$ cat query-v1.cif   # mmCIF, C-alpha atoms
data_start
loop_
_atom_site.label_atom_id
_atom_site.label_comp_id
_atom_site.auth_asym_id
_atom_site.auth_seq_id
_atom_site.Cartn_x
_atom_site.Cartn_y
_atom_site.Cartn_z
CA MET A 211 82.42 -8.26 -1.12
CA HIS A 212 78.95 -8.26 -2.67
CA LYS A 213 77.48 -11.70 -3.02
CA THR A 214 76.00 -12.35 -6.45
CA LEU A 215 73.42 -14.86 -7.61
CA VAL A 216 73.44 -15.74 -11.30
CA VAL A 217 70.05 -17.10 -12.40
CA ILE A 218 69.62 -19.18 -15.52
CA PRO A 219 66.00 -19.89 -16.49
CA ALA A 220 66.18 -23.08 -18.57
CA TYR A 221 63.55 -25.02 -20.47
CA ASP A 222 65.01 -28.11 -22.17
CA GLU A 223 68.46 -26.58 -22.58
CA ALA A 224 70.60 -29.62 -21.76
CA ASP A 225 72.60 -29.16 -24.98
CA SER A 226 73.72 -25.59 -24.41
CA LEU A 227 73.79 -25.42 -20.61
CA PRO A 228 77.22 -27.07 -20.01
CA SER A 229 79.16 -24.46 -22.00
CA VAL A 230 77.25 -21.57 -20.38
CA LEU A 231 77.97 -22.96 -16.90
CA LYS A 232 81.62 -23.50 -17.76
CA GLU A 233 81.99 -19.92 -19.03
CA LEU A 234 80.26 -18.56 -15.95
CA ARG A 235 82.65 -20.47 -13.70
CA GLU A 236 85.59 -18.96 -15.54
CA GLN A 237 84.29 -15.40 -15.96
CA VAL A 238 82.27 -14.87 -12.77
CA PRO A 239 83.92 -17.27 -10.32
CA ALA A 240 82.80 -15.51 -7.14
CA SER A 241 79.07 -15.91 -7.80
CA ASP A 242 76.56 -18.62 -6.96
CA VAL A 243 74.72 -20.11 -9.92
CA LEU A 244 71.04 -21.09 -9.75
CA VAL A 245 69.46 -22.96 -12.63
CA VAL A 246 65.66 -22.85 -12.67
CA SER A 247 64.54 -25.79 -14.74
CA ASP A 248 61.14 -24.69 -16.03
CA GLY A 249 59.37 -28.01 -16.32
CA SER A 250 62.12 -29.39 -18.56
CA THR A 251 61.61 -32.85 -20.01
CA ASP A 252 65.28 -33.43 -20.86
CA ALA A 253 68.39 -33.75 -18.69
CA THR A 254 68.62 -30.00 -17.95
CA ALA A 255 68.40 -30.41 -14.15
CA SER A 256 70.84 -33.31 -13.79
CA ILE A 257 73.38 -31.71 -16.12
CA ALA A 258 73.21 -28.44 -14.18
CA ARG A 259 73.62 -30.30 -10.88
CA SER A 260 76.62 -32.26 -12.07
CA ALA A 261 78.21 -29.02 -13.27
CA GLY A 262 78.02 -27.75 -9.69
CA ALA A 263 75.06 -25.37 -10.02
CA ARG A 264 72.22 -25.23 -7.54
CA VAL A 265 68.99 -26.35 -9.23
CA VAL A 266 65.35 -25.51 -8.66
CA GLU A 267 63.05 -27.77 -10.60
CA LEU A 268 59.57 -26.51 -11.42
CA PRO A 269 57.15 -29.43 -11.76
CA ILE A 270 55.22 -27.61 -14.52
CA ASN A 271 56.25 -25.10 -17.18
CA LEU A 272 55.65 -21.53 -15.98
CA GLY A 273 57.52 -19.53 -18.61
CA VAL A 274 60.57 -17.30 -18.11
CA GLY A 275 58.61 -14.89 -15.90
CA GLY A 276 57.48 -17.71 -13.63
CA ALA A 277 61.00 -19.13 -13.42
CA LEU A 278 62.37 -15.71 -12.46
CA ARG A 279 59.74 -15.23 -9.77
CA VAL A 280 61.04 -18.40 -8.14
CA ALA A 281 64.60 -17.10 -8.36
CA PHE A 282 63.67 -13.72 -6.83
CA ARG A 283 61.88 -15.39 -3.95
CA ASP A 284 64.82 -17.74 -3.45
CA ALA A 285 67.22 -14.78 -3.28
CA VAL A 286 64.99 -12.89 -0.82
CA ARG A 287 64.56 -15.98 1.34
CA ASP A 288 68.31 -16.59 1.35
CA GLY A 289 68.98 -12.96 2.23
CA ARG A 290 72.70 -12.98 1.47
CA TYR A 291 72.61 -11.81 -2.13
CA GLU A 292 73.25 -8.14 -2.86
CA ARG A 293 72.96 -8.54 -6.62
CA LEU A 294 71.22 -10.87 -9.03
CA VAL A 295 71.97 -11.53 -12.69
CA GLN A 296 69.63 -13.13 -15.19
CA ILE A 297 71.28 -14.84 -18.15
CA ASP A 298 69.96 -17.10 -20.92
CA ALA A 299 70.73 -20.81 -20.99
CA ASP A 300 71.10 -20.94 -24.78
CA GLY A 301 74.53 -19.29 -24.95
CA GLN A 302 73.32 -16.02 -26.52
CA HIS A 303 74.70 -13.92 -23.70
CA GLU A 304 78.41 -13.69 -22.98
CA PRO A 305 79.13 -14.29 -19.29
CA LEU A 306 82.23 -12.13 -19.82
CA VAL A 307 79.98 -9.05 -19.90
CA THR A 308 78.28 -9.84 -16.58
CA GLY A 309 80.92 -7.76 -14.81
CA GLN A 310 79.90 -4.64 -16.76
CA LEU A 311 76.27 -5.07 -15.78
CA LEU A 312 77.24 -5.58 -12.13
CA ASP A 313 79.48 -2.48 -12.19
CA ARG A 314 76.42 -0.36 -13.03
CA ILE A 315 74.54 -1.96 -10.13
CA ASP A 316 77.42 -1.10 -7.80
CA ALA A 317 77.31 2.45 -9.17
CA GLY A 318 73.73 2.77 -7.92
CA ALA A 319 71.52 1.39 -10.68
CA ASP A 320 68.67 -0.93 -9.68
CA LEU A 321 68.03 -2.64 -13.00
CA VAL A 322 70.63 -2.92 -15.75
CA ILE A 323 69.65 -4.25 -19.16
CA GLY A 324 72.17 -5.75 -21.56
CA SER A 325 71.20 -4.25 -24.93
CA ARG A 326 72.01 -5.68 -28.34
CA PHE A 327 71.08 -2.44 -30.06
CA ALA A 328 72.64 0.26 -27.88
CA ALA A 329 75.66 2.07 -29.34
CA GLY A 330 78.62 -0.26 -28.95
CA GLY A 331 76.45 -3.37 -28.75
CA ALA A 332 76.46 -5.94 -31.49
CA VAL A 333 74.45 -8.82 -32.80
CA THR A 334 76.40 -11.54 -34.50
CA TYR A 335 73.31 -13.34 -35.73
CA ASP A 336 70.25 -12.49 -37.82
CA VAL A 337 67.36 -10.81 -36.07
CA SER A 338 64.34 -11.03 -38.38
CA ALA A 339 63.07 -7.72 -39.82
CA PHE A 340 59.73 -8.44 -38.15
CA ARG A 341 61.27 -8.88 -34.72
CA ARG A 342 63.36 -5.72 -35.21
CA CYS A 343 60.25 -3.74 -36.12
CA GLY A 344 58.38 -5.07 -33.09
CA MET A 345 61.29 -4.16 -30.83
CA ARG A 346 61.36 -0.61 -32.22
CA ILE A 347 57.65 -0.13 -31.59
CA LEU A 348 58.07 -1.43 -28.04
CA GLY A 349 60.95 1.01 -27.60
CA TRP A 350 58.71 3.96 -28.55
CA LEU A 351 55.91 2.76 -26.34
CA VAL A 352 58.18 2.30 -23.34
CA ARG A 353 59.55 5.81 -23.87
CA ALA A 354 56.02 7.19 -23.96
CA LEU A 355 55.13 5.35 -20.74
CA THR A 356 58.33 5.98 -18.77
CA GLY A 357 59.99 8.99 -20.39
CA GLN A 358 63.15 6.92 -20.75
CA GLN A 359 64.69 5.63 -23.96
CA PHE A 360 65.61 1.94 -24.17
CA THR A 361 66.92 0.20 -27.26
CA ASP A 362 66.35 -3.40 -26.24
CA THR A 363 63.30 -3.75 -24.03
CA THR A 364 62.96 -7.52 -24.48
CA SER A 365 66.53 -8.43 -23.60
CA GLY A 366 66.78 -11.29 -21.11
CA PHE A 367 70.29 -10.36 -19.98
CA ARG A 368 69.76 -8.24 -16.87
CA ALA A 369 71.20 -7.39 -13.49
CA PHE A 370 69.16 -6.46 -10.42
CA SER A 371 70.03 -4.62 -7.21
CA ARG A 372 68.80 -5.96 -3.90
CA PRO A 373 65.88 -3.50 -3.58
CA MET A 374 64.89 -4.40 -7.16
CA VAL A 375 64.93 -8.11 -6.26
CA ASP A 376 62.76 -7.41 -3.19
CA PHE A 377 60.29 -5.48 -5.36
CA PHE A 378 60.17 -8.12 -8.10
CA ALA A 379 59.85 -10.99 -5.62
CA ARG A 380 56.45 -9.50 -4.83
CA SER A 381 55.37 -8.23 -8.23
CA TYR A 382 57.15 -9.82 -11.18
CA PRO A 383 54.88 -10.20 -14.24
CA SER A 384 54.73 -13.82 -15.33
CA GLU A 385 53.12 -13.74 -18.75
CA TYR A 386 55.06 -14.03 -21.99
CA MET A 387 56.90 -10.77 -22.84
CA GLY A 388 55.33 -9.17 -19.79
CA ASP A 389 58.31 -10.57 -17.93
CA THR A 390 60.68 -8.29 -19.86
CA VAL A 391 58.85 -5.18 -21.08
CA GLU A 392 56.23 -4.86 -18.37
CA ALA A 393 58.80 -5.47 -15.64
CA LEU A 394 60.90 -2.66 -17.12
CA VAL A 395 57.96 -0.23 -17.18
CA ASN A 396 56.95 -1.18 -13.63
CA ALA A 397 60.49 -0.65 -12.36
CA CYS A 398 60.69 2.83 -13.94
CA ASN A 399 57.26 3.83 -12.65
CA ALA A 400 58.07 2.66 -9.15
CA GLY A 401 61.06 5.03 -9.15
CA PHE A 402 63.88 2.53 -9.58
CA ARG A 403 66.97 3.55 -11.53
CA VAL A 404 67.02 1.62 -14.79
CA GLU A 405 69.98 1.67 -17.16
CA GLU A 406 71.17 0.03 -20.34
CA VAL A 407 74.58 -1.38 -21.15
CA ALA A 408 75.66 -2.29 -24.67
CA VAL A 409 76.43 -5.98 -25.04
CA ASN A 410 77.33 -8.32 -27.82
CA MET A 411 74.95 -11.20 -28.38
CA ARG A 412 75.75 -14.39 -30.21
CA GLY A 413 73.58 -16.83 -32.08
CA ARG A 414 72.15 -19.51 -29.85
CA ASP A 415 74.26 -22.65 -29.33
CA ALA A 416 71.35 -25.01 -29.79
CA GLY A 417 67.57 -24.97 -30.09
CA ALA A 418 65.24 -22.54 -31.85
CA PRO A 419 63.62 -19.23 -30.83
CA SER A 420 60.59 -20.00 -28.67
CA THR A 421 58.08 -18.03 -30.73
CA ARG A 422 57.81 -16.74 -34.27
CA GLY A 423 55.42 -15.78 -37.06
CA PHE A 424 51.77 -15.11 -36.34
CA ARG A 425 52.03 -16.06 -32.68
CA LEU A 426 54.82 -13.58 -32.13
CA PHE A 427 52.71 -10.89 -33.85
CA TYR A 428 49.79 -11.71 -31.55
CA TYR A 429 52.01 -11.45 -28.48
CA TYR A 430 53.31 -8.05 -29.60
CA VAL A 431 49.79 -6.73 -30.19
CA ARG A 432 48.61 -8.11 -26.87
CA LEU A 433 51.51 -6.57 -24.99
CA VAL A 434 51.07 -3.17 -26.66
CA VAL A 435 47.33 -3.12 -25.88
CA VAL A 436 47.83 -4.14 -22.27
CA LEU A 437 50.66 -1.64 -21.74
CA ILE A 438 48.57 1.21 -23.19
CA ALA A 439 45.49 0.16 -21.23
CA SER A 440 47.55 0.13 -18.04
CA ALA A 441 49.28 3.48 -18.63
CA GLY A 442 49.66 5.48 -15.45
CA ARG A 443 48.82 2.53 -13.26
CA ARG A 444 50.77 2.15 -10.05
CA PRO A 445 52.28 -1.34 -9.96
CA ARG A 446 50.45 -3.55 -7.51
CA THR A 447 52.41 -6.00 -5.49
CA THR A 448 51.04 -9.48 -5.11
CA ARG A 449 52.19 -12.84 -4.00
CA MET B 207 15.16 3.15 -31.92
CA SER B 208 14.15 5.85 -29.45
CA TRP B 209 16.92 8.07 -28.14
CA GLN B 210 16.21 6.87 -24.61
CA ALA B 211 16.83 3.25 -25.63
CA GLN B 212 20.03 4.22 -27.40
CA LEU B 213 21.22 6.22 -24.41
CA VAL B 214 20.74 3.18 -22.16
CA LEU B 215 22.64 1.00 -24.65
CA VAL B 216 25.53 3.45 -25.01
CA LEU B 217 25.82 3.85 -21.25
CA THR B 218 25.72 0.07 -20.70
CA ALA B 219 28.41 -0.47 -23.34
CA PHE B 220 30.53 2.32 -21.87
CA VAL B 221 30.31 0.97 -18.33
CA THR B 222 31.15 -2.54 -19.62
CA MET B 223 34.23 -1.17 -21.37
CA LEU B 224 35.35 0.74 -18.28
CA PHE B 225 34.87 -2.39 -16.17
CA VAL B 226 37.03 -4.48 -18.51
CA LEU B 227 39.65 -1.74 -18.62
CA ARG B 228 39.71 -1.62 -14.83
CA LEU B 229 40.21 -5.39 -14.63
CA VAL B 230 43.09 -5.16 -17.10
CA ARG B 231 44.72 -2.27 -15.27
CA ARG B 232 44.47 -4.04 -11.93
CA ARG B 233 45.85 -7.23 -13.47
CA GLU B 234 42.73 -9.10 -12.46
CA LEU B 235 42.49 -10.36 -16.03
CA ARG B 236 45.53 -12.09 -17.45
CA ALA B 237 46.87 -10.50 -20.64
CA LYS B 238 45.74 -13.47 -22.70
CA TYR B 239 42.08 -12.79 -21.91
CA SER B 240 42.26 -9.03 -21.73
CA LEU B 241 42.67 -8.48 -25.48
CA LEU B 242 39.56 -10.57 -26.19
CA TRP B 243 37.32 -8.64 -23.79
CA LEU B 244 38.72 -5.22 -24.62
CA VAL B 245 37.91 -5.81 -28.31
CA THR B 246 34.47 -7.21 -27.46
CA GLY B 247 33.70 -4.24 -25.22
CA ALA B 248 34.84 -1.81 -27.93
CA ALA B 249 32.67 -3.56 -30.57
CA PHE B 250 29.65 -3.38 -28.27
CA PHE B 251 30.30 0.31 -27.71
CA VAL B 252 30.62 1.09 -31.43
CA LEU B 253 27.40 -0.81 -32.25
CA ALA B 254 25.50 1.07 -29.54
CA LEU B 255 26.88 4.39 -30.76
CA ILE B 256 26.05 3.77 -34.46
CA PRO B 257 22.90 1.62 -34.58
CA GLY B 258 22.71 2.16 -38.38
CA LEU B 259 25.89 0.08 -38.76
CA LEU B 260 24.09 -3.19 -38.13
CA ASP B 261 21.31 -2.33 -40.62
CA TRP B 262 23.93 -1.43 -43.22
CA VAL B 263 25.74 -4.76 -42.78
CA ALA B 264 22.42 -6.65 -42.92
CA ASP B 265 21.51 -4.79 -46.10
CA ARG B 266 24.84 -5.65 -47.75
CA LEU B 267 24.53 -9.32 -46.79
CA GLY B 268 20.91 -9.46 -47.87
CA VAL B 269 19.65 -10.40 -44.42
CA GLY B 270 16.07 -9.19 -43.92
CA TYR B 271 16.08 -9.10 -40.13
CA ALA B 272 19.14 -7.15 -38.94
CA PRO B 273 19.22 -8.35 -35.30
CA ALA B 274 19.62 -11.91 -36.61
CA ILE B 275 23.20 -11.04 -37.60
CA LEU B 276 23.95 -9.82 -34.10
CA PHE B 277 22.49 -12.98 -32.54
CA GLY B 278 24.28 -15.20 -35.05
CA ILE B 279 27.67 -13.61 -34.41
CA ALA B 280 27.10 -13.56 -30.65
CA ILE B 281 26.21 -17.26 -30.51
CA VAL B 282 29.21 -18.36 -32.60
CA PHE B 283 31.50 -16.08 -30.58
CA LEU B 284 30.25 -17.37 -27.23
CA LEU B 285 30.58 -20.98 -28.40
CA LEU B 286 34.19 -20.36 -29.42
CA VAL B 287 34.91 -18.73 -26.05
CA LEU B 288 33.42 -21.76 -24.30
CA VAL B 289 35.57 -24.16 -26.31
CA HIS B 290 38.62 -22.07 -25.45
CA LEU B 291 37.72 -22.09 -21.76
CA SER B 292 37.26 -25.88 -21.83
CA TRP B 293 40.69 -26.14 -23.37
CA GLU B 294 42.19 -23.92 -20.66
CA LEU B 295 40.38 -25.93 -17.99
CA THR B 296 41.80 -29.20 -19.36
CA ARG B 297 45.26 -27.69 -19.28
CA LEU B 298 44.77 -26.42 -15.72
CA GLU B 299 43.53 -29.83 -14.52
CA ASP B 300 46.59 -31.48 -16.05
CA ARG B 301 48.87 -29.01 -14.33
CA THR B 302 47.10 -29.38 -10.98
CA ARG B 303 47.44 -33.15 -11.26
CA ALA B 304 51.16 -32.83 -11.98
CA LEU B 305 51.54 -30.57 -8.93
CA ALA B 306 49.61 -32.99 -6.70
CA GLU B 307 51.78 -35.89 -7.87
CA ASP B 308 54.95 -33.95 -7.15
CA LEU B 309 53.74 -32.91 -3.72
CA ALA B 310 52.68 -36.48 -2.83
CA LEU B 311 56.08 -37.88 -3.86
CA MET B 312 57.89 -35.17 -1.88
CA ARG B 313 55.78 -35.94 1.21
CA SER B 314 56.59 -39.60 0.86
CA ASP B 315 60.31 -38.71 0.66
CA ALA B 316 60.01 -36.53 3.74
CA ASP B 317 58.26 -39.34 5.68
CA ARG B 318 60.99 -41.78 4.74
CA ASP B 319 63.66 -39.32 5.93
CA ASP B 320 61.89 -38.89 9.26
CA VAL B 321 62.03 -42.57 10.13
#

$ encode --input "query-v1.cif" --output "structure tokens"
Amino acid sequence: MHKTLVVIPAYDEADSLPSVLKELREQVPASDVLVVSDGSTDATASIARSAGARVVELPINLGVGGALRVAFRDAVRDGRYERLVQIDADGQHEPLVTGQLLDRIDAGADLVIGSRFAAGGAVTYDVSAFRRCGMRILGWLVRALTGQQFTDTTSGFRAFSRPMVDFFARSYPSEYMGDTVEALVNACNAGFRVEEVAVNMRGRDAGAPSTRGFRLFYYYVRLVVVLIASAGRRPRTTR
Amino acid sequence: MSWQAQLVLVLTAFVTMLFVLRLVRRRELRAKYSLLWLVTGAAFFVLALIPGLLDWVADRLGVGYAPAILFGIAIVFLLLVLVHLSWELTRLEDRTRALAEDLALMRSDADRDDV
């Protein structure tokens, strides 16, 4: 039996967290759940604790990348987990699909990405035209940098093998959007097997997207420039 | 401008750009600063390569002394960078303080448990 750690990075998600935790308990009963409260100012941590999840509370907000770094290091330190799953706290991802991601890990993949846009995947909410366009450009860029085609490079629904967790515990990018796209490129370039699985994503239960408009545009431009500037670089591992 | 002077300028700009690029590639500059310095380095390089560009802009703006534009832009730019850095520093100090508070409270908890 492979032991699985389900990681939920959460920043002020007290409203949506209970239903996600409940679904996880029903759909993935054999796994341990770790909620990383990323400097939340609401009841995120206490709600997660009372729902039976293990909680790591960051004293300051580090972003999704920072929260995941903590989770990777926790998993490495613990040493029992063969697989790790990252899932959003806002209810966008269906815990039901976690099994499909984990099946690919068991079949030898190191990083499995749940894609909204792969054939068979579906989005039951509106993705803005702007966001769609940005995602397409990132898709091209990632193909140019890795030689592999991905349809949803910014998805935050992912599964990791143990070697992948060990690698990321030492090198996970912590800046906004770097945590998804850059991590993907680094994994490919370091020779890990990266795959995509079509998933259905729902609208969020509560809260609003973290970034939009001009800021989102700036982040896209920044990411594209940094990725191009770093092309061919061998990922450096740091603490 | 003599060709020797221009050669020195172009080389300086080129080395600056390579240095920034190296920092970005080695992740010794966070992404949020890298865009700023990559663009600055590129602008420096272009100006060194085409010295006539500055004269042309000065002519269009009706500025008699072309280098004044360069100095003007540079001063405003550097001031803005300084304000941004002060802002980042304030944020960092706040975060360090929060960390210190958390650590102190945890130590106090640990002491109490020891007794």

$ closest_residue --input "query-v1.cif" --among "A:Leu244, A:Leu272, A:Leu234, A:Leu394" --to "chain B" --atoms "only C-alpha atoms"
A:Leu272

$ atom_distance --input "query-v1.cif" --atom1 "atom CA of Leu321 of chain A" --atom2 "atom CA of Val216 of chain A"
14.3 Å

$ closest_residue --input "query-v1.cif" --among "B:Ser240, B:Leu305, B:Arg318, B:Asp261" --to "Gly249 of chain A" --atoms "all atoms listed in the file"
B:Leu305

$ closest_residue --input "query-v1.cif" --among "A:Ala240, A:Asp389, A:Ala397, A:Gln296" --to "chain B" --atoms "all atoms listed in the file"
A:Asp389

$ resolve_selection --input "query-v1.cif" --expression "the PyMOL selection byres ((chain B) within 12 of (chain A))" --output "PDB file with C-alpha atoms, in the frame of the given file"
ATOM      1  CA  MET B 223      34.230  -1.170 -21.370  1.00  0.00           C
ATOM      2  CA  LEU B 224      35.350   0.740 -18.280  1.00  0.00           C
ATOM      3  CA  VAL B 226      37.030  -4.480 -18.510  1.00  0.00           C
ATOM      4  CA  LEU B 227      39.650  -1.740 -18.620  1.00  0.00           C
ATOM      5  CA  ARG B 228      39.710  -1.620 -14.830  1.00  0.00           C
ATOM      6  CA  LEU B 229      40.210  -5.390 -14.630  1.00  0.00           C
ATOM      7  CA  VAL B 230      43.090  -5.160 -17.100  1.00  0.00           C
ATOM      8  CA  ARG B 231      44.720  -2.270 -15.270  1.00  0.00           C
ATOM      9  CA  ARG B 232      44.470  -4.040 -11.930  1.00  0.00           C
ATOM     10  CA  ARG B 233      45.850  -7.230 -13.470  1.00  0.00           C
ATOM     11  CA  GLU B 234      42.730  -9.100 -12.460  1.00  0.00           C
ATOM     12  CA  LEU B 235      42.490 -10.360 -16.030  1.00  0.00           C
ATOM     13  CA  ARG B 236      45.530 -12.090 -17.450  1.00  0.00           C
ATOM     14  CA  ALA B 237      46.870 -10.500 -20.640  1.00  0.00           C
ATOM     15  CA  LYS B 238      45.740 -13.470 -22.700  1.00  0.00           C
ATOM     16  CA  TYR B 239      42.080 -12.790 -21.910  1.00  0.00           C
ATOM     17  CA  SER B 240      42.260  -9.030 -21.730  1.00  0.00           C
ATOM     18  CA  LEU B 241      42.670  -8.480 -25.480  1.00  0.00           C
ATOM     19  CA  LEU B 242      39.560 -10.570 -26.190  1.00  0.00           C
ATOM     20  CA  TRP B 243      37.320  -8.640 -23.790  1.00  0.00           C
ATOM     21  CA  LEU B 244      38.720  -5.220 -24.620  1.00  0.00           C
ATOM     22  CA  VAL B 245      37.910  -5.810 -28.310  1.00  0.00           C
ATOM     23  CA  ARG B 297      45.260 -27.690 -19.280  1.00  0.00           C
ATOM     24  CA  LEU B 298      44.770 -26.420 -15.720  1.00  0.00           C
ATOM     25  CA  GLU B 299      43.530 -29.830 -14.520  1.00  0.00           C
ATOM     26  CA  ASP B 300      46.590 -31.480 -16.050  1.00  0.00           C
ATOM     27  CA  ARG B 301      48.870 -29.010 -14.330  1.00  0.00           C
ATOM     28  CA  THR B 302      47.100 -29.380 -10.980  1.00  0.00           C
ATOM     29  CA  ARG B 303      47.440 -33.150 -11.260  1.00  0.00           C
ATOM     30  CA  ALA B 304      51.160 -32.830 -11.980  1.00  0.00           C
ATOM     31  CA  LEU B 305      51.540 -30.570  -8.930  1.00  0.00           C
ATOM     32  CA  ALA B 306      49.610 -32.990  -6.700  1.00  0.00           C
ATOM     33  CA  GLU B 307      51.780 -35.890  -7.870  1.00  0.00           C
ATOM     34  CA  ASP B 308      54.950 -33.950  -7.150  1.00  0.00           C
ATOM     35  CA  LEU B 309      53.740 -32.910  -3.720  1.00  0.00           C
ATOM     36  CA  LEU B 311      56.080 -37.880  -3.860  1.00  0.00           C
ATOM     37  CA  MET B 312      57.890 -35.170  -1.880  1.00  0.00           C
TER      38      MET B 312
END

$ atom_distance --input "query-v1.cif" --atom1 "atom CA of Leu351 of chain A" --atom2 "atom CA of Val391 of chain A"
10.0 Å

$ atom_distance --input "query-v1.cif" --atom1 "atom CA of Gly349 of chain A" --atom2 "atom CA of Phe424 of chain A"
20.5 Å

$ residues_around --input "query-v1.cif" --residues "segment 276-278 of chain B" --least-positions-apart "3" --cutoff "10 Å" --atoms "all atoms listed in the file" --output "CSV table (one decimal) with C-alpha atoms, in the frame of the given file"
chain,number,residue,atom,x,y,z
B,253,LEU,CA,27.4,-0.8,-32.2
B,260,LEU,CA,24.1,-3.2,-38.1
B,264,ALA,CA,22.4,-6.6,-42.9
B,271,TYR,CA,16.1,-9.1,-40.1
B,272,ALA,CA,19.1,-7.2,-38.9
B,273,PRO,CA,19.2,-8.4,-35.3
B,281,ILE,CA,26.2,-17.3,-30.5
B,282,VAL,CA,29.2,-18.4,-32.6
B,283,PHE,CA,31.5,-16.1,-30.6

$ resolve_selection --input "query-v1.cif" --expression "the PyMOL selection byres ((chain A and resi 324-331) around 12)" --output "PyMOL selection string"
chain A and resi 295-298+302-305+307-312+314+321-323+332-337+342+345-346+349+359-370+390+404-413

$ closest_residue --input "query-v1.cif" --among "B:Ala248, B:Ala310, B:Ala316, B:Ala280" --to "Val221 of chain B" --atoms "only C-alpha atoms"
B:Ala248

$ closest_residue --input "query-v1.cif" --among "A:Val266, A:Leu278, A:Leu426, A:Val243" --to "Arg341 of chain A" --atoms "all atoms listed in the file"
A:Leu426

$ residues_around --input "query-v1.cif" --residues "Asp248 of chain A" --least-positions-apart "6" --cutoff "12 Å" --atoms "all atoms listed in the file" --output "number ranges by chain"
A: 218-223, 254-255, 265-281, 299

$ residues_around --input "query-v1.cif" --residues "segment 214-216 of chain B" --least-positions-apart "3" --cutoff "8 Å" --atoms "all atoms listed in the file" --output "PDB file with C-alpha atoms, in the frame of the given file"
ATOM      1  CA  GLN B 210      16.210   6.870 -24.610  1.00  0.00           C
ATOM      2  CA  ALA B 211      16.830   3.250 -25.630  1.00  0.00           C
ATOM      3  CA  ALA B 219      28.410  -0.470 -23.340  1.00  0.00           C
ATOM      4  CA  PHE B 220      30.530   2.320 -21.870  1.00  0.00           C
ATOM      5  CA  PHE B 251      30.300   0.310 -27.710  1.00  0.00           C
ATOM      6  CA  ALA B 254      25.500   1.070 -29.540  1.00  0.00           C
ATOM      7  CA  LEU B 255      26.880   4.390 -30.760  1.00  0.00           C
TER       8      LEU B 255
END

$ closest_residue --input "query-v1.cif" --among "A:Asn399, A:Gln237, A:Ser371, A:Ser381" --to "Gly357 of chain A" --atoms "all atoms listed in the file"
A:Asn399

$ build_atoms --input "query-v1.cif" --residues "segment 235-248 of chain B" --atoms "N, CA and C atoms" --output "compact mmCIF listing (two decimals), in the coordinates of the input"
# COMPACT_ATOMS: atom_id res chain seq x y z
N LEU B 235 42.67 -9.53 -14.83
CA LEU B 235 42.49 -10.36 -16.03
C LEU B 235 43.88 -10.61 -16.57
N ARG B 236 44.22 -11.84 -16.86
CA ARG B 236 45.53 -12.09 -17.45
C ARG B 236 45.53 -11.50 -18.86
N ALA B 237 46.74 -11.15 -19.34
CA ALA B 237 46.87 -10.50 -20.64
C ALA B 237 46.20 -11.31 -21.74
N LYS B 238 46.26 -12.65 -21.61
CA LYS B 238 45.74 -13.47 -22.70
C LYS B 238 44.23 -13.37 -22.85
N TYR B 239 43.52 -12.98 -21.77
CA TYR B 239 42.08 -12.79 -21.91
C TYR B 239 41.71 -11.33 -22.13
N SER B 240 42.63 -10.45 -21.73
CA SER B 240 42.26 -9.03 -21.73
C SER B 240 42.01 -8.51 -23.14
N LEU B 241 42.83 -8.96 -24.11
CA LEU B 241 42.67 -8.48 -25.48
C LEU B 241 41.27 -8.84 -25.99
N LEU B 242 40.87 -10.08 -25.76
CA LEU B 242 39.56 -10.57 -26.19
C LEU B 242 38.43 -9.67 -25.68
N TRP B 243 38.45 -9.39 -24.38
CA TRP B 243 37.32 -8.64 -23.79
C TRP B 243 37.40 -7.15 -24.07
N LEU B 244 38.61 -6.63 -24.24
CA LEU B 244 38.72 -5.22 -24.62
C LEU B 244 38.12 -5.01 -26.00
N VAL B 245 38.43 -5.93 -26.95
CA VAL B 245 37.91 -5.81 -28.31
C VAL B 245 36.39 -6.00 -28.30
N THR B 246 35.91 -6.98 -27.54
CA THR B 246 34.47 -7.21 -27.46
C THR B 246 33.75 -5.98 -26.89
N GLY B 247 34.29 -5.43 -25.83
CA GLY B 247 33.70 -4.24 -25.22
C GLY B 247 33.66 -3.09 -26.21
N ALA B 248 34.76 -2.90 -26.95
CA ALA B 248 34.84 -1.81 -27.93
C ALA B 248 33.80 -2.01 -29.03
